[in-house]
Amino acid sequence: MIKAKESALFQNINDEINKLFNEESYFLFLPAGRSLIPILSQQLDRINRGDRIDRLDRIDRLDLGNEFSEGKGLIKLDYLMETFLNVIDGTQKSLSQTSLSQLIQEKSSESKNPELSSVISLAQDLVNSILKGSYRYQNGNEWIDVGTQNSTLINFASSGQQEVVWILLLIQLLILNQRPVFLVIEEPEAHLFPVAQK
């Protein structure tokens with residue numbers, strides 16, 4: 001019931017935003033990286049740390065209290081966080097079918113608008129410049145490729161790369177799909193270099 005109320009509230013907010021700007025746009029909230037830490041810390045027993053203990057079985061036998069969904073052992077997420085994670089999940093599923101570079105190439109070649117092709121190219125150059133490499137999703141893993149021979153899993157990349165990768169990718173995909181968006185970035189200053197925060 002709470003999820004339905006949250007969903008209705010954010011649909012009303014989205015409708016009001018569309019009225020305000022006089023266009024249909026997609027509402028997207030990007031949480032600060034620190035917002036994901038509590039979710040991760042609550043799931044530590046579900047993470048395979050390389051040992052052979054059946055953590056899931058152990059969790060299912062415990063009384064997990066109100067912070068987990070009844071009978072499922074899942075954490076209840078607020079509407080904005082759940083929506084953001086669903087967007088990431090959907091994007092990863094799409095990128096498991098075709099690479100980001102292939103998607104960019106297809107959208108650029110399909111476009112009969114030279115201005116859009118130029119914007120797509122500029123966006124790709126900016127993303128690669130900021131990430132110091134290119135993003136790749138393969139076999140359930142996220143990678144940053146640096147050059148043709150060096151790659152690193154995203155969880156071993158720098159904290160700056162980890163912090164901005166999904167902001168950059170989602171903006172880039174919105175450009176590729178020419179989708180108008182009302183984008184809210186929580187704590188945008190956290191994504192800037194210290195000099196740019198002033």
# chains A, B, ... in the order shown; residues from 1 in each chain; ligands from 1
call {"tool": "residues_around", "arguments": {"residues": "range 130-133 of chain A", "least_positions_apart": "4", "cutoff": "6 Å", "atoms": "only C-alpha atoms", "output": "list in words"}}
result
Ile144, Asp145, Val146 and Gln161 of chain A
call {"tool": "write_last_selection", "arguments": {"atoms": "N, CA, C and O atoms", "output": "PDB file, in the first residue's frame"}}
result
ATOM      1  N   ILE A 144      35.598  -0.874 -17.211  1.00  0.00           N
ATOM      2  CA  ILE A 144      36.084   0.328 -17.880  1.00  0.00           C
ATOM      3  C   ILE A 144      37.308  -0.103 -18.666  1.00  0.00           C
ATOM      4  O   ILE A 144      38.279  -0.631 -18.104  1.00  0.00           O
ATOM      5  N   ASP A 145      37.229   0.058 -19.981  1.00  0.00           N
ATOM      6  CA  ASP A 145      38.326  -0.291 -20.875  1.00  0.00           C
ATOM      7  C   ASP A 145      39.168   0.952 -21.111  1.00  0.00           C
ATOM      8  O   ASP A 145      38.660   1.999 -21.491  1.00  0.00           O
ATOM      9  N   VAL A 146      40.464   0.806 -20.881  1.00  0.00           N
ATOM     10  CA  VAL A 146      41.406   1.894 -21.107  1.00  0.00           C
ATOM     11  C   VAL A 146      42.310   1.453 -22.250  1.00  0.00           C
ATOM     12  O   VAL A 146      43.105   0.529 -22.091  1.00  0.00           O
ATOM     13  N   GLN A 161      35.338   7.431 -10.780  1.00  0.00           N
ATOM     14  CA  GLN A 161      34.742   6.708 -11.903  1.00  0.00           C
ATOM     15  C   GLN A 161      33.483   5.972 -11.456  1.00  0.00           C
ATOM     16  O   GLN A 161      32.466   5.995 -12.146  1.00  0.00           O
TER      17      GLN A 161
END
call {"tool": "closest_atom_pairs", "arguments": {"of": "range 72-174 of chain A", "to": "range 14-32 of chain A", "cutoff": "9 Å", "atoms": "only C-alpha atoms", "output": "CSV"}}
result
residue,atom,partner,partner_atom,distance
A:Leu80,CA,A:Phe29,CA,6.4
A:Met81,CA,A:Pro31,CA,7.0
A:Thr83,CA,A:Phe29,CA,8.1
A:Phe84,CA,A:Leu30,CA,6.6
A:Glu163,CA,A:Ala32,CA,7.9
A:Trp166,CA,A:Leu30,CA,8.5
A:Ile167,CA,A:Leu30,CA,7.0
call {"tool": "write_last_selection", "arguments": {"atoms": "C-alpha atoms", "output": "short mmCIF file (atom, residue, chain, number, x, y, z; two decimals), in the first residue's frame"}}
result
data_model
loop_
_atom_site.label_atom_id
_atom_site.label_comp_id
_atom_site.auth_asym_id
_atom_site.auth_seq_id
_atom_site.Cartn_x
_atom_site.Cartn_y
_atom_site.Cartn_z
CA LEU A 80 13.13 6.81 -5.99
CA MET A 81 15.88 4.32 -5.16
CA THR A 83 13.14 3.28 -9.72
CA PHE A 84 16.83 4.14 -10.14
CA GLU A 163 30.50 7.75 -8.69
CA TRP A 166 25.82 5.72 -14.16
CA ILE A 167 25.15 9.44 -14.36
#
call {"tool": "atom_distance", "arguments": {"atom1": "CA of Leu173 in chain A", "atom2": "CA of Lys3 in chain A"}}
result
27.3 Å
call {"tool": "residues_around", "arguments": {"residues": "Asn155 in chain A", "least_positions_apart": "5", "cutoff": "9 Å", "atoms": "only C-alpha atoms", "output": "PyMOL selection string"}}
result
chain A and resi 142-143+162
call {"tool": "closest_residue", "arguments": {"among": "A:Ser129, A:Asn12, A:Ser35, A:Thr98", "to": "Val165 in chain A", "atoms": "only C-alpha atoms"}}
result
A:Ser129
call {"tool": "residues_around", "arguments": {"residues": "Ser121 in chain A", "least_positions_apart": "4", "cutoff": "10 Å", "atoms": "only C-alpha atoms", "output": "ChimeraX atom specification"}}
result
/A:104-105,108,115-117,125-127
call {"tool": "atom_distance", "arguments": {"atom1": "CA of Leu103 in chain A", "atom2": "CA of Pro188 in chain A"}}
result
27.4 Å
call {"tool": "closest_residue", "arguments": {"among": "A:Lys93, A:Ser134, A:Ile175, A:Gly160", "to": "Lys107 in chain A", "atoms": "only C-alpha atoms"}}
result
A:Ile175
call {"tool": "atom_distance", "arguments": {"atom1": "CA of Gln178 in chain A", "atom2": "CA of Leu153 in chain A"}}
result
29.2 Å
call {"tool": "select_by_dssp", "arguments": {"residues": "range 71-107 of chain A", "states": "helix (DSSP H, G or I)", "output": "list in words"}}
result
Tyr79, Leu80, Met81, Glu82, Thr83, Phe84, Leu85, Asn86, Val87, Ile88, Asp89, Gly90, Thr91, Gln92, Lys93, Ser94, Leu95, Ser96, Gln97, Leu100, Ser101, Gln102, Leu103, Ile104, Gln105, Glu106 and Lys107 of chain A
